[in-house]
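Below is the file run-v6.txt, which contains compact mmCIF, C-alpha atoms.
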```txt
# COMPACT_ATOMS: atom_id res chain seq x y z
CA MET A 1 18.61 -24.06 -1.20
CA THR A 2 20.00 -21.40 1.14
CA GLY A 3 23.39 -21.40 -0.57
CA LEU A 4 21.82 -20.75 -3.95
CA ASP A 5 19.55 -17.86 -2.96
CA TYR A 6 22.16 -15.63 -1.30
CA PRO A 7 22.72 -13.17 -4.11
CA LEU A 8 19.05 -13.37 -5.06
CA PHE A 9 17.28 -12.95 -1.74
CA PRO A 10 19.10 -9.85 -0.43
CA ILE A 11 18.50 -8.10 -3.77
CA PHE A 12 14.78 -8.89 -3.77
CA ALA A 13 14.44 -8.07 -0.07
CA PHE A 14 16.00 -4.63 -0.56
CA LEU A 15 13.92 -3.98 -3.69
CA GLY A 16 10.83 -5.03 -1.74
CA PHE A 17 11.72 -2.49 0.95
CA VAL A 18 12.02 0.26 -1.68
CA VAL A 19 8.99 -0.53 -3.85
CA ALA A 20 6.71 -0.98 -0.83
CA LEU A 21 7.37 2.61 0.23
CA ILE A 22 7.06 4.23 -3.21
CA PRO A 23 3.24 4.69 -3.12
CA LEU A 24 3.29 5.82 0.53
CA PRO A 25 3.23 9.65 0.00
CA TRP A 26 0.00 9.84 -2.02
CA HIS A 27 -1.72 7.27 0.20
CA LEU A 28 -0.84 9.45 3.20
CA GLN A 29 -2.39 12.41 1.43
CA ALA A 30 -5.58 10.40 0.87
CA TRP A 31 -5.71 9.31 4.56
CA ASN A 32 -5.63 5.63 3.57
CA SER A 33 -4.23 4.48 6.90
CA GLY A 34 -4.86 0.77 6.28
CA THR A 35 -2.80 0.75 3.09
CA CYS A 36 -0.12 2.89 4.75
CA TYR A 37 0.26 0.39 7.58
CA TYR A 38 0.40 -2.43 5.03
CA MET A 39 3.28 -0.69 3.25
CA ILE A 40 5.11 0.06 6.50
CA TRP A 41 4.88 -3.50 7.80
CA ALA A 42 5.92 -4.99 4.45
CA ALA A 43 8.83 -2.56 4.02
CA LEU A 44 10.03 -3.02 7.61
CA SER A 45 9.93 -6.81 7.23
CA CYS A 46 11.88 -6.71 3.96
CA LEU A 47 14.51 -4.43 5.50
CA ASN A 48 14.79 -6.74 8.50
CA GLN A 49 15.30 -9.81 6.31
CA PHE A 50 17.76 -7.94 4.10
CA ILE A 51 19.97 -7.02 7.07
CA ASN A 52 19.87 -10.53 8.48
CA SER A 53 20.75 -12.14 5.15
CA ILE A 54 23.79 -9.86 4.76
CA VAL A 55 25.14 -9.99 8.31
CA TRP A 56 24.78 -13.75 8.80
CA HIS A 57 25.88 -14.90 5.38
CA ASN A 58 28.16 -17.94 5.82
CA ASN A 59 28.19 -17.60 9.62
CA ALA A 60 26.02 -18.17 12.68
CA ILE A 61 27.89 -15.97 15.15
CA ASN A 62 25.96 -13.90 17.65
CA TRP A 63 27.27 -10.56 16.40
CA ALA A 64 24.42 -8.34 17.57
CA PRO A 65 22.18 -9.75 20.34
CA ILE A 66 20.26 -6.49 20.80
CA TRP A 67 19.48 -6.37 17.08
CA CYS A 68 18.26 -9.97 17.19
CA ASP A 69 15.90 -9.10 20.05
CA ILE A 70 14.44 -6.37 17.85
CA SER A 71 14.53 -8.45 14.67
CA ILE A 72 12.53 -11.38 15.99
CA ARG A 73 9.85 -9.02 17.30
CA ILE A 74 9.58 -7.37 13.90
CA MET A 75 9.03 -10.83 12.41
CA LEU A 76 6.42 -11.75 15.00
CA GLY A 77 4.66 -8.40 14.68
CA ALA A 78 4.59 -8.50 10.88
CA SER A 79 3.01 -11.96 10.92
CA VAL A 80 -0.02 -10.28 12.50
CA GLY A 81 0.43 -6.70 11.28
CA ILE A 82 0.18 -7.41 7.54
CA PRO A 83 -3.07 -9.43 7.84
CA ALA A 84 -4.39 -6.79 10.25
CA ALA A 85 -3.70 -4.07 7.67
CA SER A 86 -5.56 -6.14 5.10
CA LEU A 87 -8.46 -6.34 7.56
CA CYS A 88 -8.50 -2.52 7.84
CA ILE A 89 -8.55 -2.24 4.05
CA ASN A 90 -11.50 -4.63 3.80
CA ARG A 91 -13.31 -2.79 6.57
CA ARG A 92 -12.91 0.54 4.78
CA LEU A 93 -14.03 -0.94 1.47
CA TYR A 94 -17.13 -2.32 3.17
CA ASN A 95 -18.00 1.12 4.55
CA ILE A 96 -17.56 2.63 1.09
CA ALA A 97 -19.69 -0.07 -0.53
CA LYS A 98 -22.44 0.80 1.96
CA THR A 99 -22.05 4.41 0.71
CA HIS A 100 -21.35 5.66 4.19
CA ALA A 101 -19.32 8.83 4.54
CA VAL A 102 -15.74 7.59 4.81
CA ALA A 103 -13.72 10.10 6.84
CA LEU A 104 -14.97 13.12 4.90
CA THR A 105 -14.59 15.44 7.89
CA ASP A 106 -11.41 15.99 9.89
CA GLU A 107 -12.99 14.36 12.94
CA GLY A 108 -14.07 11.35 10.90
CA LYS A 109 -10.59 11.03 9.37
CA ARG A 110 -8.94 11.11 12.78
CA ARG A 111 -11.38 8.52 14.10
CA ALA A 112 -10.69 6.20 11.16
CA VAL A 113 -6.93 6.57 11.58
CA LEU A 114 -7.21 5.89 15.32
CA ILE A 115 -9.18 2.67 14.76
CA ASP A 116 -6.73 1.48 12.10
CA THR A 117 -3.81 2.29 14.41
CA LEU A 118 -5.33 0.22 17.20
CA ILE A 119 -5.77 -2.73 14.82
CA CYS A 120 -2.48 -2.47 12.91
CA VAL A 121 -0.09 -1.31 15.65
CA LEU A 122 -1.44 -1.85 19.14
CA PHE A 123 -2.90 -5.30 18.43
CA PRO A 124 0.36 -6.71 16.92
CA MET A 125 2.29 -5.29 19.87
CA ALA A 126 -0.07 -7.09 22.25
CA VAL A 127 0.36 -10.34 20.31
CA VAL A 128 4.16 -9.98 20.45
CA ALA A 129 3.96 -9.45 24.21
CA LEU A 130 1.78 -12.55 24.63
CA GLN A 131 4.23 -14.66 22.67
CA TYR A 132 6.69 -14.35 25.53
CA VAL A 133 4.51 -16.90 27.33
CA VAL A 134 5.60 -19.63 24.88
CA GLN A 135 9.04 -18.28 23.94
CA GLY A 136 11.38 -21.08 24.97
CA HIS A 137 14.63 -19.08 24.94
CA ARG A 138 15.97 -15.74 23.74
CA PHE A 139 16.37 -16.48 20.01
CA ASP A 140 18.05 -18.71 17.43
CA ILE A 141 20.61 -17.87 14.76
CA TYR A 142 20.63 -19.83 11.51
CA GLU A 143 23.55 -19.55 9.15
CA ASP A 144 22.60 -17.65 5.94
CA ILE A 145 19.27 -16.71 7.57
CA GLY A 146 20.05 -14.70 10.69
CA CYS A 147 17.97 -14.13 13.78
CA TYR A 148 14.89 -16.29 14.21
CA PRO A 149 12.37 -16.54 17.06
CA PHE A 150 11.98 -19.74 19.01
CA ILE A 151 8.42 -20.62 20.03
CA TYR A 152 8.01 -23.64 22.26
CA ASN A 153 5.71 -25.90 20.25
CA THR A 154 2.94 -26.58 22.72
CA LEU A 155 -0.83 -26.24 22.72
CA PRO A 156 -0.92 -22.69 24.16
CA ALA A 157 1.37 -21.60 21.28
CA PHE A 158 -1.42 -22.39 18.83
CA PHE A 159 -3.83 -19.99 20.55
CA LEU A 160 -1.28 -17.28 21.37
CA CYS A 161 0.74 -17.27 18.12
CA ASP A 162 -0.28 -19.51 15.25
CA SER A 163 -4.02 -18.93 15.11
CA TRP A 164 -4.08 -15.13 14.80
CA PRO A 165 -3.42 -14.90 11.03
CA ILE A 166 -6.21 -17.41 10.41
CA ILE A 167 -8.67 -15.54 12.66
CA ILE A 168 -7.83 -12.20 11.05
CA GLY A 169 -8.13 -13.75 7.59
CA LEU A 170 -11.59 -15.13 8.39
CA VAL A 171 -12.79 -11.74 9.65
CA SER A 172 -11.38 -10.11 6.51
CA SER A 173 -13.22 -12.69 4.41
CA VAL A 174 -16.51 -11.71 6.03
CA TYR A 175 -15.88 -8.02 5.30
CA CYS A 176 -14.87 -8.84 1.73
CA GLY A 177 -18.06 -10.84 1.13
CA LEU A 178 -20.20 -8.08 2.63
CA SER A 179 -18.44 -5.52 0.44
CA LEU A 180 -19.17 -7.47 -2.73
CA LYS A 181 -22.80 -7.92 -1.71
CA ALA A 182 -23.27 -4.24 -0.82
CA PHE A 183 -21.60 -3.16 -4.06
CA TYR A 184 -23.89 -5.40 -6.09
CA LEU A 185 -27.04 -4.08 -4.36
CA ARG A 186 -26.07 -0.40 -4.41
CA ARG A 187 -24.22 0.11 -7.66
CA ALA A 188 -25.92 3.42 -8.44
CA GLN A 189 -25.23 4.93 -5.00
CA PHE A 190 -21.68 3.64 -5.16
CA THR A 191 -21.08 5.39 -8.48
CA HIS A 192 -22.48 8.65 -7.08
CA PHE A 193 -20.28 8.35 -4.00
CA MET A 194 -17.16 7.75 -6.11
CA LYS A 195 -17.87 10.90 -8.10
CA SER A 196 -18.22 12.98 -4.92
CA ASN A 197 -15.19 11.48 -3.13
CA LYS A 198 -11.93 13.15 -4.14
CA SER A 199 -9.64 10.91 -2.07
CA LEU A 200 -10.73 7.60 -3.60
CA SER A 201 -11.40 6.87 -7.24
CA ALA A 202 -13.20 3.83 -8.63
CA SER A 203 -9.92 2.51 -10.03
CA ARG A 204 -8.21 2.73 -6.63
CA TYR A 205 -11.22 1.12 -4.95
CA PHE A 206 -11.11 -1.95 -7.20
CA ARG A 207 -7.34 -2.21 -6.86
CA LEU A 208 -7.72 -2.17 -3.08
CA MET A 209 -10.38 -4.83 -3.39
CA ALA A 210 -8.07 -6.98 -5.53
CA LEU A 211 -5.20 -6.55 -3.04
CA ALA A 212 -7.40 -7.45 -0.06
CA THR A 213 -8.84 -10.47 -1.86
CA THR A 214 -5.34 -11.69 -2.77
CA GLU A 215 -4.26 -11.27 0.83
CA ILE A 216 -7.22 -13.31 2.06
CA VAL A 217 -6.67 -16.08 -0.49
CA CYS A 218 -3.02 -16.36 0.56
CA THR A 219 -3.25 -15.76 4.32
CA ILE A 220 -5.60 -18.54 5.44
CA PRO A 221 -4.09 -21.42 3.41
CA LEU A 222 -0.49 -20.39 4.10
CA ALA A 223 -1.10 -19.87 7.83
CA SER A 224 -2.72 -23.30 8.03
CA PHE A 225 0.18 -24.80 6.07
CA MET A 226 2.71 -23.19 8.43
CA ILE A 227 0.92 -24.68 11.45
CA TRP A 228 1.15 -28.11 9.87
CA ILE A 229 4.85 -27.66 9.01
CA ASN A 230 5.72 -26.50 12.53
CA SER A 231 3.89 -29.47 14.01
CA ALA A 232 5.63 -31.87 11.61
CA ALA A 233 9.11 -30.37 11.96
CA HIS A 234 8.92 -30.11 15.76
CA PRO A 235 6.61 -32.47 17.65
CA VAL A 236 4.05 -30.87 19.93
CA GLU A 237 5.29 -30.91 23.52
CA PRO A 238 3.07 -30.92 26.61
CA TRP A 239 2.84 -27.77 28.70
CA ILE A 240 4.43 -28.58 32.03
CA SER A 241 5.02 -25.27 33.76
CA TRP A 242 6.22 -21.71 33.25
CA GLU A 243 9.61 -22.59 34.75
CA ASN A 244 10.02 -25.54 32.39
CA VAL A 245 9.26 -23.49 29.26
CA HIS A 246 11.53 -20.58 30.27
CA TYR A 247 14.37 -22.62 31.72
CA ASP A 248 17.74 -21.04 30.80
CA PHE A 249 15.88 -18.40 28.84
CA SER A 250 18.94 -16.27 28.02
CA ARG A 251 20.64 -18.92 25.88
CA VAL A 252 21.06 -18.43 22.14
CA MET A 253 21.06 -21.46 19.85
CA GLN A 254 23.31 -21.24 16.78
CA TYR A 255 22.83 -23.58 13.82
CA PRO A 256 25.26 -23.93 10.88
CA SER A 257 23.68 -24.51 7.48
CA VAL A 258 25.06 -28.05 7.19
CA LEU A 259 23.01 -28.96 10.24
CA TRP A 260 19.66 -27.23 9.86
CA THR A 261 19.31 -27.76 6.09
CA THR A 262 19.01 -31.51 6.66
CA ASN A 263 15.51 -30.95 8.04
CA TYR A 264 13.58 -30.22 4.84
CA LEU A 265 10.40 -29.21 6.59
CA LEU A 266 12.34 -26.65 8.61
CA VAL A 267 13.92 -25.35 5.41
CA VAL A 268 10.49 -24.89 3.83
CA ALA A 269 9.14 -23.11 6.93
CA ILE A 270 12.07 -20.69 7.18
CA GLN A 271 12.18 -19.92 3.46
CA LEU A 272 8.43 -19.29 3.36
CA THR A 273 8.77 -16.92 6.29
CA ARG A 274 11.45 -14.97 4.43
CA TRP A 275 9.99 -14.88 0.96
CA LEU A 276 6.36 -14.20 1.88
CA VAL A 277 7.10 -10.67 3.09
CA VAL A 278 8.94 -9.95 -0.17
CA PHE A 279 5.94 -11.30 -2.06
CA CYS A 280 3.62 -8.99 -0.09
CA ALA A 281 5.76 -5.95 -0.96
CA PHE A 282 5.88 -6.72 -4.67
CA THR A 283 2.18 -7.60 -4.76
CA PHE A 284 1.29 -4.19 -3.34
CA PHE A 285 3.55 -2.47 -5.84
CA ALA A 286 2.02 -4.45 -8.70
CA PHE A 287 -1.43 -3.11 -7.79
CA PHE A 288 -0.46 0.50 -7.01
CA GLY A 289 2.96 1.17 -8.51
CA PHE A 290 1.71 1.54 -12.08
CA ALA A 291 -1.54 3.44 -11.50
CA ALA A 292 -2.29 6.87 -12.98
CA GLU A 293 -1.46 8.72 -9.76
CA ALA A 294 1.80 6.76 -9.50
CA ARG A 295 2.88 7.65 -13.03
CA LYS A 296 2.02 11.30 -12.35
CA ASN A 297 4.20 11.32 -9.22
CA TYR A 298 7.02 9.54 -11.06
CA SER A 299 6.97 12.31 -13.66
CA ILE A 300 7.04 15.01 -10.98
CA ALA A 301 9.95 13.33 -9.18
CA PHE A 302 11.88 12.81 -12.44
CA TRP A 303 11.67 16.45 -13.53
CA TRP A 304 12.46 17.62 -10.00
CA VAL A 305 15.74 15.69 -10.17
CA ALA A 306 16.32 16.75 -13.80
CA ARG A 307 16.07 20.45 -12.88
CA ILE A 308 19.09 20.00 -10.61
CA PHE A 309 21.14 19.20 -13.72
CA GLY A 310 19.63 22.03 -15.73
CA ILE A 311 17.14 19.92 -17.68
CA TYR A 312 13.60 21.27 -17.84
CA PRO A 313 10.41 19.69 -19.18
CA PRO A 314 9.29 20.81 -22.64
CA LYS A 315 6.63 23.48 -22.66
CA PRO A 316 3.29 22.31 -24.05
CA GLN A 317 2.53 23.88 -27.44
CA GLN A 318 -0.92 25.25 -28.12
CA HIS A 319 -2.19 24.20 -31.54
CA ILE A 320 -4.91 26.26 -33.23
CA ASN A 321 -7.81 24.20 -34.46
CA LEU A 322 -8.02 25.35 -38.07
CA THR A 323 -11.04 23.19 -38.72
CA ARG A 324 -13.14 25.02 -36.17
CA LEU A 325 -11.95 28.35 -37.46
CA ASN A 326 -12.89 27.46 -41.03
CA CYS A 327 -16.29 26.18 -40.01
CA ALA A 328 -17.13 29.16 -37.82
CA PRO A 329 -19.86 31.43 -39.24
CA ARG A 330 -18.50 34.65 -40.67
CA GLY A 331 -20.26 37.95 -40.04
CA PRO A 332 -19.99 41.15 -42.01
CA ALA A 333 -16.56 42.71 -42.02
CA ILE A 334 -16.48 45.83 -39.82
CA HIS A 335 -13.58 48.21 -40.14
CA PRO A 336 -13.21 50.24 -36.97
CA SER A 337 -12.08 53.79 -37.23
CA ALA A 338 -8.84 54.89 -35.69
CA GLY A 339 -8.59 56.12 -32.13
CA LEU A 340 -11.71 56.41 -30.01
CA LEU A 341 -13.98 57.75 -32.72
CA PRO A 342 -17.50 56.28 -32.91
CA VAL A 343 -18.31 53.58 -35.43
CA TYR A 344 -20.63 54.50 -38.31
CA VAL A 345 -23.07 51.80 -39.37
CA VAL A 346 -25.04 51.92 -42.66
CA LYS A 347 -28.67 50.96 -42.15
CA GLU A 348 -31.04 49.50 -44.72
CA LEU A 349 -32.88 51.65 -47.28
CA LYS A 350 -36.30 52.87 -46.10
CA PRO A 351 -38.94 54.17 -48.58
CA THR A 352 -41.05 57.19 -47.61
CA SER A 353 -44.22 58.58 -49.22
CA SER A 354 -43.24 62.23 -49.07
CA SER A 355 -39.64 62.10 -50.30
CA PRO A 356 -37.56 60.10 -52.73
CA LEU A 357 -35.43 57.14 -51.66
CA TYR A 358 -32.62 58.15 -49.43
CA TRP A 359 -29.95 56.62 -47.23
CA GLU A 360 -30.38 57.06 -43.53
CA HIS A 361 -27.18 57.43 -41.61
CA SER A 362 -27.06 57.04 -37.85
CA GLN A 363 -24.26 57.22 -35.45
CA SER A 364 -23.86 54.67 -32.68
CA LYS A 365 -21.17 54.59 -30.05
CA THR A 366 -19.66 51.32 -28.84
CA ASN A 367 -17.35 50.59 -25.93
CA ALA A 368 -15.17 48.04 -27.73
CA LEU A 369 -14.18 47.45 -31.34
CA VAL A 370 -15.34 44.21 -32.95
```

Starting from the coordinates I provided, produce the structure as structure tokens.
Amino acid sequence: MTGLDYPLFPIFAFLGFVVALIPLPWHLQAWNSGTCYYMIWAALSCLNQFINSIVWHNNAINWAPIWCDISIRIMLGASVGIPAASLCINRRLYNIAKTHAVALTDEGKRRAVLIDTLICVLFPMAVVALQYVVQGHRFDIYEDIGCYPFIYNTLPAFFLCDSWPIIIGLVSSVYCGLSLKAFYLRRAQFTHFMKSNKSLSASRYFRLMALATTEIVCTIPLASFMIWINSAAHPVEPWISWENVHYDFSRVMQYPSVLWTTNYLLVVAIQLTRWLVVFCAFTFFAFFGFAAEARKNYSIAFWWVARIFGIYPPKPQQHINLTRLNCAPRGPAIHPSAGLLPVYVVKELKPTSSSPLYWEHSQSKTNALV
């Protein structure tokens, strides 16, 4: 399987890195910190997998140990960071469904960004630090895959590493259910809030809801499946001591493809780890890469590049609505006199008892000619 996906996986991983970052500018403008962290984690993971798949194609040599130290921590952080970003999205959608003011003031925006940063950045960093407790040695290198973390498969590993995506997914599920309930009960207030909120439209709200729901549906089953695969591929070992787990910690295990591909459960686990981050990137782009604001920004970017080559957008032509002109009521034709002379208006004929019929002329001055 790994030999067949070499040209395919690096291409999709790099495209996932690009498309995940395309909607980032206008989400930054709207202060959607949860979606921004989702894009950053997905893009960083795709870039990490892209580099690994290129550098370690057809080899398992320890070319860059410092890079592998960074790479495995990106993988471990993204396994928590992407679900945590989905949790922040669900939390924000719940607050909107309750028609609370969502970061309308500068202080409220900063507070919302700070909370999302604690959940999406600080919490994954803490989880990565805790995983050192069950990290058996420095890292592994798999041919055609690259750097890969080694977690000693013991009972503490379940609580420190494997269970976090499931816990985060369950909390997100609660927020998602509460959002749907609040939206159903307060549809009128929700509509009014959407009209008064310039940073979030109804279309973007429902797309965020669809993204968060997709993330929940995928996170809990896949995280549970990965726990089962890890337990089946590597038997659960008893925790003996800290010294036993971290014995000869600096070693690096290197596995050629002819060796590690014989374990089919291990192949499934590694390939799922690689392809899931690419799937997250393309899923986000599918929801937000073709929206109205995205197409508007694509047009702006296209004509900005085109102007460099001397190509300019066509000027919009103003068409006169002849139908409205023909249907407009016509008044009496008034011929203004030349210059600034006053306009003479003929009034109606008035009969008098003492004199014959006559025309009464009056002079009226106007400031503008009709």

Which polymer residues, protein or nucleic acid, are no farther than 8 Å from (-12.5, 1.1, -0.3), counting all atoms listed in the file, as a tab-separated table (two decimals) with C-alpha atoms, keeping the file's coordinate frame?
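The resulting point.tsv:
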```
chain	number	residue	atom	x	y	z
A	89	ILE	CA	-8.55	-2.24	4.05
A	90	ASN	CA	-11.50	-4.63	3.80
A	91	ARG	CA	-13.31	-2.79	6.57
A	92	ARG	CA	-12.91	0.54	4.78
A	93	LEU	CA	-14.03	-0.94	1.47
A	94	TYR	CA	-17.13	-2.32	3.17
A	95	ASN	CA	-18.00	1.12	4.55
A	96	ILE	CA	-17.56	2.63	1.09
A	97	ALA	CA	-19.69	-0.07	-0.53
A	200	LEU	CA	-10.73	7.60	-3.60
A	204	ARG	CA	-8.21	2.73	-6.63
A	205	TYR	CA	-11.22	1.12	-4.95
A	206	PHE	CA	-11.11	-1.95	-7.20
A	208	LEU	CA	-7.72	-2.17	-3.08
A	209	MET	CA	-10.38	-4.83	-3.39
```

* To do: Find, counting only C-alpha atoms, the residue in A:Phe159, A:Phe9, A:Trp164, A:Trp242 that gets nearest to Phe123 in chain A.
  =>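 Ranking A:Phe159, A:Phe9, A:Trp164, A:Trp242 by distance to Phe123 in chain A, first place goes to A:Trp164.
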
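When all atoms listed in the file are used to measure the gap to Leu272 in chain A, the shortest distance among A:Ser173, A:Ile145, A:Leu180, A:His234 belongs to A:Ile145.
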
* For CA of Phe139 in chain A and CA of Asn62 in chain A, determine how far apart the two atoms are, in Å to one decimal place. => 10.2 Å

* Asked: Leaving out Ser163 in chain A and any residue of its chain fewer than 6 positions from it, which residues lie within 9 Å of it when counting only C-alpha atoms, given as a list in words?
  -> Ala157, Ala223, Ser224 and Ile227 of chain A

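Using all atoms listed in the file, the shortest contact distance between Ser250 in chain A and any of A:Phe284, A:Val277, A:Ala78, A:Gly136 is found at A:Gly136.
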
* **Within 12 Å of file point (-1.5, -3.8, -8.9), counting only C-alpha atoms, expressed as a PyMOL selection string** => chain A and resi 20+23+203-212+214+280-292+294
